[in-house]
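Below is one structure, written out as C-alpha cells; the observations come after it.
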Amino acid sequence: MPSADRSIIRKNLSRAGALSVEMTRWPSVTESDGEAAFSGRLMEWLAATPYFRRHPENLLARDTHGDPARQNVLALVRGKGRRCLVLAGHFDTVSIANYGSLVSLACEPETLTEALITELSAKIRNPSEDKALADLVSGDFLAGRGLLDMKSGLAAGIVALERFAELDEPPGNLLFVATPDEENRSRGMRALRDALPAIAEKFDLDIIGGINLDASGDDGDGEEGRAVYLGSVGKFSPFAFVAGRPTHAGYAFNGVSAHLIGAEIMRAMETNSALCDEAHGELSPAPVCLEAKDVRHGYEVTTPAHVWLSFNWLTHRRTPEDVLTEFRAIAATAMRTALDAQTRNAEAFFARQRSGHAQTHEGQVLSYAELHDLAISHGGQAAADRLKALDRSLSAGEDPLSTTRQIVAATLAEAGLEGPLVIVGFSTLHYPRVHLDSAGDQGRSFEKAMMSAAEKCVQQHGTSIKAKQFFAGISDMSFFGHRPATGQTQLLSANTPCSAFVDAAPDGLLSYPVVNIGPWGRDYHQKWERVHMGYAFDVLPDLIYEAAMACLGE
C-alpha cells in the first residue's frame with residue numbers, strides 16, 4: 001500500500017487508536033523519569049473527560065511499593081448497586097535502546113513506521129524482517145515502543161470506560177486502573193492488590209471480577225491472538241549455585257570441576273519437554289536457561305570455584321514445593337553423574353600414567369533455606385547482620401540474577417562450606433499460575449459472561465475470538481485478584497535470597513476471577529514491535545465494553 005494511503009488511514013483512527021498513539025508518545029520505560037511522569041499525564045487527560053469533570057472525586061492516584069515509588073491511576077465510573085468489574089493494564093515499557101539509530105522515533109508510531117519501512121526496504125532481510133516489512137507496508141500494523149505492550153490495551157479499556165459512563169444508568173460500577181512496573185517486579189499491580197480492600201470499602205464496592213488488558217503475540221493471521229485467556233502461566237526462576245574444588249589446570253584431577261556439574265544440570269534442564277506441565281489440554285513451555293557463568297573476576301590458570309545457572313520454568317499446575325523438590329532432585333542426579341564421570345576419567349588417566357590414583361568425591365545439594373540456617377549457625381548474629389546489610393544494599397539493583405548470585409555467594413562463605421555441592425533456590429520474583437478453575441462456580445459464571453460478550457463481537461465485527469486456557473507471557477495477571485496460599489509464600493520466602501523478590505502479601509486480600517483480553521501483534525519488546533490496528537483499535541474496545549455489560553448486567 002502506498003505511503004500516502006497509510007497516512008490517510010492513520011488520520012482516520014478511531015478514538016482508541018488516537019489515544020493509543022497519544023499515550024505511546026509519552027515515553028515510560030520502566031524505572032525512568034518518563035514512567036514516573038506518565039501517571040500525572042494520564043490523570044490530567046482523564047480529568048478533562050466529561051465524566052471526571054463532573055466526578056473528580058472518582059479519579060485517584062495511589063503510591064506503589066518500593067523506592068522510588070510510582071503511582072497507580074484509578075478511574076471509577078459509578079452506576080447502580082455495589083457490583084464492580086476492574087479493568088487493569090500497565091503503562092511502563094521495556095527499553096528503547098534496541099531501536100539503534102531510530103531511537104529518537106521509538107515513541108512516535110507514525111514516523112517510526114515510515115522509518116522502519118525505509119530501513120527494511122534498503123537492506124538484505126532475514127525472514128522475520130521480511131514479515132515485519134510486509135506487515136508494515138500492508139497498513140494493518142503500526143509500530144512503536146509500548147504501542148502493542150500495552151498502551152493500545154489501556155486505550156481500549158479507557159474507551160470502554162467512557163462508553164459505560166455515557167449510559168443513563170450503568171448496571172454496576174467499572175473501575176479502570178493503570179499501573180507501572182509490570183516489566184520489572186509488578187510493584188504497581190501488587191500495590192493495587194494490597195490497597196484494593198480499602199478502596200472497595202471506601203467506595204462501597206463488591207469486586208466481582210477483573211479483566212487484564214495485556215497484549216499477546218501471533219505470528220499467523222491473528223486467530224490465536226484474538227482470544228479471551230482464562231488463566232496465566234506460573235513463572236519460576238530456579239537457580240543452581242555450584243561449588244566445586246578449584247585446582248591448577250595442569251592437575252585437573254586434584255580438584256572437582258564446577259563446570260562439569262553445571263553442564264550436567266544444564267543438560268538435564270535445557271528445553272527438556274518432560275518438564276512441561278499439561279493442564280486443560282494445553283502444554284506449558286519447556287524450561288530454558290537465562291544465565292550460566294562462572295563466578296570469577298579475572299584470568300588465572302585455575303579452575304573456577306563456583307558456577308551459577310538460573311532457569312526460566314513456566315508452569316500450568318506445579319506448586320513452588322513441586323518445582324523446588326524436582327529441581328533439587330535434578331541437581332543431585334546431575335552432580336552424581338558429573339562426579340562419576342570425573343572419577344572414570346581420573347582412573348583412565350592414572351592407569352595410562354602408571355602412577356597416582358583417582359579420588360572419589362561425595363557431593364551434597366542444599367536448599368538456600370538450609371544454607372542460610374547453616375550460615376547463621378556457623379557465624380552467629382554477626383553473620384545474620386552482614387547478610388541483611390548485603391540484602392538491603394543490593395535490593396534496588398536492576399539485575400535480579402546478579403543480586404541473587406552475590407547473596408548466595410556471601411551466604412556460602414558465611415557457612416564455611418566447600419564443594420562439591422549445589423545450592424538451589426529461586427532467583428527472581430515468582431509469578432503464580434492463575435486460572436478460572438480456582439474460582440469454582442464464580443469462575444464458570446465469569447467465563448460464560450466473557451464468552452457471551454466475545455460471541456456478540458464476533459457477530460458484530462465478522463471476526464473470530466476464541467477462549468484460550470493460559471496466557472503465555474509473564475504478566476500482572478498473576479497478582480490480579482489472586483490471594484497467595486500461606487504455605488507456598490513461606491517456602492518461596494525462605495528460598496529466595498533477596499527479600500525484594502519476595503511477594504509479601506498482607507492478610508485480608510480480595511479474591512475474584514480474572515481473564516486477559518488485550519490487543520495482538522508481533523515482536524513485542526523488539527525493534528519491530530507492532531500492533532494489529534483493526535483488532536486493537538476497533539474490535540477490542542467493543543469487546544471490553546460488552547464483557548463489562550455481560551458481567552455487570554447479571
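Residue numbering restarts at 1 in every chain; chains get A, B, ... in the order shown in the C-alpha cells, and ligands count up from 1 in that same order.
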Mind checking which residues fall within 12 Å of region 40-42 of chain A, counting only C-alpha atoms, ignoring those fewer than 2 positions away in the same chain, and posting them as a compact mmCIF listing (two decimals) with N, CA and C atoms, in the first residue's frame?
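Written file, selection-v2.txt:
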# COMPACT_ATOMS: atom_id res chain seq x y z
N LEU A 19 -5.94 7.54 20.92
CA LEU A 19 -5.44 7.56 22.29
C LEU A 19 -4.24 6.62 22.44
N SER A 20 -4.24 5.48 21.76
CA SER A 20 -3.09 4.57 21.78
C SER A 20 -1.83 5.28 21.30
N GLU A 22 -1.35 8.55 21.14
CA GLU A 22 -1.02 9.64 22.06
C GLU A 22 -0.26 9.14 23.27
N MET A 23 -0.72 8.05 23.88
CA MET A 23 -0.04 7.53 25.07
C MET A 23 1.32 6.93 24.73
N THR A 24 1.47 6.38 23.52
CA THR A 24 2.78 5.87 23.11
C THR A 24 3.78 7.01 23.03
N ARG A 25 3.30 8.21 22.72
CA ARG A 25 4.19 9.39 22.65
C ARG A 25 4.63 9.86 24.04
N TRP A 26 4.07 9.28 25.08
CA TRP A 26 4.50 9.59 26.43
C TRP A 26 5.49 8.50 26.86
N PRO A 27 6.79 8.69 26.68
CA PRO A 27 7.76 7.64 27.00
C PRO A 27 7.63 7.19 28.45
N SER A 28 7.73 5.90 28.69
CA SER A 28 7.52 5.40 30.06
C SER A 28 8.33 4.13 30.31
N ASP A 33 12.36 8.43 34.35
CA ASP A 33 11.57 9.61 34.71
C ASP A 33 10.25 9.63 33.93
N GLY A 34 10.29 9.11 32.71
CA GLY A 34 9.06 9.06 31.92
C GLY A 34 8.00 8.19 32.57
N GLU A 35 8.42 7.06 33.14
CA GLU A 35 7.46 6.21 33.85
C GLU A 35 6.86 6.97 35.04
N ALA A 36 7.70 7.70 35.76
CA ALA A 36 7.22 8.46 36.91
C ALA A 36 6.23 9.54 36.50
N ALA A 37 6.46 10.15 35.32
CA ALA A 37 5.60 11.25 34.87
C ALA A 37 4.31 10.77 34.23
N PHE A 38 4.28 9.52 33.77
CA PHE A 38 3.13 9.05 32.99
C PHE A 38 1.83 9.13 33.77
N GLU A 44 -4.25 13.87 34.19
CA GLU A 44 -4.67 15.13 33.57
C GLU A 44 -5.58 14.87 32.38
N TRP A 45 -5.26 13.85 31.58
CA TRP A 45 -6.08 13.53 30.41
C TRP A 45 -7.47 13.06 30.84
N LEU A 46 -7.52 12.16 31.82
CA LEU A 46 -8.80 11.65 32.29
C LEU A 46 -9.63 12.74 32.95
N ALA A 47 -8.98 13.62 33.70
CA ALA A 47 -9.69 14.69 34.40
C ALA A 47 -10.42 15.62 33.44
N ALA A 48 -9.94 15.68 32.18
CA ALA A 48 -10.56 16.58 31.19
C ALA A 48 -11.74 15.92 30.48
N THR A 49 -12.01 14.63 30.72
CA THR A 49 -13.13 13.96 30.06
C THR A 49 -14.43 14.33 30.76
N LEU A 59 -11.51 9.97 40.63
CA LEU A 59 -10.22 9.84 39.95
C LEU A 59 -9.12 9.92 41.01
N LEU A 60 -8.33 8.85 41.15
CA LEU A 60 -7.38 8.74 42.24
C LEU A 60 -5.99 8.36 41.75
N ALA A 61 -4.99 8.73 42.51
CA ALA A 61 -3.62 8.25 42.31
C ALA A 61 -3.13 7.68 43.63
N ARG A 62 -2.51 6.49 43.58
CA ARG A 62 -2.04 5.83 44.80
C ARG A 62 -0.61 5.33 44.59
N ARG A 70 6.21 4.80 42.46
CA ARG A 70 5.46 5.28 41.31
C ARG A 70 4.00 5.35 41.72
N GLN A 71 3.14 5.76 40.81
CA GLN A 71 1.73 5.88 41.17
C GLN A 71 0.83 5.07 40.25
N ASN A 72 -0.12 4.37 40.86
CA ASN A 72 -1.22 3.77 40.13
C ASN A 72 -2.28 4.83 39.89
N VAL A 73 -2.93 4.76 38.74
CA VAL A 73 -4.03 5.66 38.42
C VAL A 73 -5.33 4.84 38.46
N LEU A 74 -6.33 5.33 39.20
CA LEU A 74 -7.61 4.66 39.33
C LEU A 74 -8.72 5.60 38.89
N ALA A 75 -9.58 5.12 38.01
CA ALA A 75 -10.70 5.90 37.49
C ALA A 75 -11.98 5.08 37.61
N PHE A 91 1.47 0.62 32.23
CA PHE A 91 1.89 1.67 31.29
C PHE A 91 3.40 1.75 31.12
N LYS A 151 -0.02 -0.08 25.53
CA LYS A 151 -0.83 1.14 25.61
C LYS A 151 -2.09 1.07 24.77
N LEU A 154 -4.57 -0.34 27.19
CA LEU A 154 -5.06 0.72 28.08
C LEU A 154 -6.09 1.59 27.36
N ALA A 155 -5.78 1.97 26.14
CA ALA A 155 -6.69 2.84 25.39
C ALA A 155 -8.04 2.18 25.18
N ILE A 158 -9.97 2.42 28.37
CA ILE A 158 -10.46 3.77 28.63
C ILE A 158 -11.68 4.08 27.75
N PHE A 176 -11.29 1.43 36.25
CA PHE A 176 -10.12 1.32 35.37
C PHE A 176 -8.87 1.65 36.17
N VAL A 177 -7.84 0.83 36.01
CA VAL A 177 -6.59 1.03 36.74
C VAL A 177 -5.42 0.92 35.77
N ALA A 178 -4.50 1.89 35.82
CA ALA A 178 -3.25 1.85 35.05
C ALA A 178 -2.09 1.77 36.03
N THR A 179 -1.22 0.77 35.83
CA THR A 179 -0.17 0.50 36.81
C THR A 179 1.22 0.57 36.18
Write out as a Markdown table the residues of region 462-530 of chain A that have any atom within 8 Å of an atom of region 442-454 of chain A, one row each with the nearest atom pair and its distance in Å to one decimal, counting only C-alpha atoms, sorted by chain and then rising number.
| residue | atom | partner | partner_atom | distance |
| --- | --- | --- | --- | --- |
| A:Ile465 | CA | A:Ala454 | CA | 6.1 |
| A:Lys466 | CA | A:Ala454 | CA | 7.9 |
| A:Ala467 | CA | A:Met451 | CA | 7.4 |
| A:Pro513 | CA | A:Gly443 | CA | 5.5 |
Could you save the residues just selected, with N, CA and C atoms, as a PDB file, in the first residue's frame?
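Listing of out_12.pdb after writing:
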ATOM      1  N   ILE A 465     -13.048 -14.868  17.828  1.00  0.00           N
ATOM      2  CA  ILE A 465     -12.443 -14.659  19.150  1.00  0.00           C
ATOM      3  C   ILE A 465     -12.597 -15.965  19.902  1.00  0.00           C
ATOM      4  N   LYS A 466     -11.510 -16.563  20.310  1.00  0.00           N
ATOM      5  CA  LYS A 466     -11.568 -17.869  20.940  1.00  0.00           C
ATOM      6  C   LYS A 466     -11.239 -17.777  22.421  1.00  0.00           C
ATOM      7  N   ALA A 467     -11.603 -18.831  23.153  1.00  0.00           N
ATOM      8  CA  ALA A 467     -11.163 -18.985  24.536  1.00  0.00           C
ATOM      9  C   ALA A 467      -9.857 -19.769  24.539  1.00  0.00           C
ATOM     10  N   PRO A 513     -12.413 -13.742  40.128  1.00  0.00           N
ATOM     11  CA  PRO A 513     -11.951 -14.296  38.841  1.00  0.00           C
ATOM     12  C   PRO A 513     -11.426 -13.205  37.911  1.00  0.00           C
TER      13      PRO A 513
END
For this session: Among the residues of region 166-402 of chain A, find those DSSP assigns to alpha helix (DSSP H) from the backbone and print them as a ChimeraX atom specification.
Result: /A:187-202,258-269,320-353,368-394,400-402
Contacts of Leu260 (chain A) within 10 Å, only C-alpha atoms, excl. fewer than 6 positions in-chain, as a PDB file with C-alpha atoms, in the first residue's frame:
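Listed below is the output, result01.pdb:
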ATOM      1  CA  VAL A 242      27.594 -24.928  42.064  1.00  0.00           C
ATOM      2  CA  GLY A 244      33.491 -27.320  43.002  1.00  0.00           C
ATOM      3  CA  MET A 266      22.138 -27.685  32.034  1.00  0.00           C
ATOM      4  CA  VAL A 307      29.429 -21.795  38.627  1.00  0.00           C
ATOM      5  CA  ALA A 334      23.385 -34.245  37.671  1.00  0.00           C
ATOM      6  CA  MET A 335      26.085 -33.908  40.316  1.00  0.00           C
ATOM      7  CA  THR A 337      26.601 -38.119  37.025  1.00  0.00           C
ATOM      8  CA  ALA A 338      29.344 -35.482  36.836  1.00  0.00           C
ATOM      9  CA  LEU A 339      31.331 -36.860  39.777  1.00  0.00           C
ATOM     10  CA  ALA A 341      32.324 -39.230  35.028  1.00  0.00           C
ATOM     11  CA  GLN A 342      35.242 -37.365  36.580  1.00  0.00           C
TER      12      GLN A 342
END
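Using only C-alpha atoms, the contacts of region 468-482 of chain A at a cut-off of 6 Å, with sequence neighbours closer than 3 positions omitted, comprise Tyr229, Leu230, Gly231, Ser232, Val233, Tyr431, Pro432, Val434, Ser511 and Tyr512 of chain A.
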Can you write just those residues out, C-alpha atoms, as a PDB file, in the first residue's frame?
ATOM      1  CA  TYR A 229      -7.395 -16.008  28.206  1.00  0.00           C
ATOM      2  CA  LEU A 230      -8.889 -17.891  31.156  1.00  0.00           C
ATOM      3  CA  GLY A 231      -5.606 -18.146  33.043  1.00  0.00           C
ATOM      4  CA  SER A 232      -1.919 -17.321  33.018  1.00  0.00           C
ATOM      5  CA  VAL A 233       1.229 -19.412  33.315  1.00  0.00           C
ATOM      6  CA  TYR A 431       4.592 -15.172  39.245  1.00  0.00           C
ATOM      7  CA  PRO A 432       1.801 -17.524  40.395  1.00  0.00           C
ATOM      8  CA  VAL A 434      -3.763 -18.457  37.898  1.00  0.00           C
ATOM      9  CA  SER A 511     -10.069 -12.867  45.584  1.00  0.00           C
ATOM     10  CA  TYR A 512     -12.069 -12.775  42.355  1.00  0.00           C
TER      11      TYR A 512
END
Problem set entry | Residue neighbourhood Leu314 (chain A), 8 Å, only C-alpha atoms, exclusion window fewer than 3 positions, as a PyMOL selection string | chain A and resi 233-236+276+284-287
Exercise. Which residues in region 323-456 of chain A does DSSP call strand (DSSP E)? List them as a PyMOL selection string.
Worked result: chain A and resi 364-367+421-426+434-435
Could you save those same residues with C-alpha atoms as a CSV table (one decimal), in the first residue's frame?
chain,number,residue,atom,x,y,z
A,364,GLN,CA,25.5,-32.6,48.5
A,365,VAL,CA,22.6,-30.5,47.5
A,366,LEU,CA,21.2,-27.9,49.8
A,367,SER,CA,18.3,-25.6,49.5
A,421,LEU,CA,27.9,-29.0,46.5
A,422,VAL,CA,25.0,-27.3,44.8
A,423,ILE,CA,22.7,-24.7,46.3
A,424,VAL,CA,19.2,-24.5,44.8
A,425,GLY,CA,16.5,-21.8,45.3
A,426,PHE,CA,14.6,-19.1,43.4
A,434,VAL,CA,-3.8,-18.5,37.9
A,435,HIS,CA,-6.9,-19.9,36.2
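The space between CA of Val408 (chain A) and CA of Gln381 (chain A) spans 17.6 Å.
If you count only C-alpha atoms and ignore residues fewer than 5 places along the chain from Ile544 (chain A), what sits within 9 Å of it is Leu87, Ala156, Gly157, Ala160, Leu161, Ile211, Met450, Ala453, Ala454, Ile517, Gly518, Val539 and Met549 of chain A.
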Quick one: which region 167-225 of chain A residues come within 12 Å of region 134-145 of chain A, and what is the nearest atom pair for each with the distance in Å to one decimal, counting only C-alpha atoms, rows ordered by chain and ascending number, as JSON lines?
{"residue": "A:Asp219", "atom": "CA", "partner": "A:Asp135", "partner_atom": "CA", "distance": 10.7}
{"residue": "A:Gly220", "atom": "CA", "partner": "A:Asp135", "partner_atom": "CA", "distance": 11.1}
{"residue": "A:Asp221", "atom": "CA", "partner": "A:Asp135", "partner_atom": "CA", "distance": 10.8}
{"residue": "A:Gly222", "atom": "CA", "partner": "A:Asp140", "partner_atom": "CA", "distance": 11.5}
Keeping N, CA and C atoms for every residue in the selection just given, could you write it to a file as a CSV table (one decimal), in the first residue's frame?
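Below you can see out20.csv, which holds the result:
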chain,number,residue,atom,x,y,z
A,219,ASP,N,2.0,-15.0,15.3
A,219,ASP,CA,2.8,-14.9,14.0
A,219,ASP,C,1.9,-15.3,12.8
A,220,GLY,N,0.7,-15.6,13.0
A,220,GLY,CA,-0.2,-16.0,11.9
A,220,GLY,C,-1.2,-14.9,11.5
A,221,ASP,N,-2.4,-15.3,11.3
A,221,ASP,CA,-3.4,-14.3,10.8
A,221,ASP,C,-4.2,-13.7,11.9
A,222,GLY,N,-3.8,-13.9,13.2
A,222,GLY,CA,-4.4,-13.3,14.3
A,222,GLY,C,-5.4,-14.2,15.0
Problem set entry | Distance of CA of Glu546 (chain A) from CA of Lys456 (chain A), expressed in Å to one decimal place | 7.7 Å
Problem set entry | Using only C-alpha atoms: which of A:Ala198, A:Ala16, A:Asp181, A:Leu85 has the shortest distance to Ser39 (chain A) | A:Asp181
Problem set entry | 12 Å contact set for Arg296 (chain A), only C-alpha atoms, chain neighbours under 6 positions out, as a ChimeraX atom specification | /A:246,302-308,405-406,409
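Each of A:Leu76, A:Arg245, A:Leu324, A:Arg317 was checked against His259 (chain A) using only C-alpha atoms; the smallest atom-to-atom distance is that of A:Arg245.
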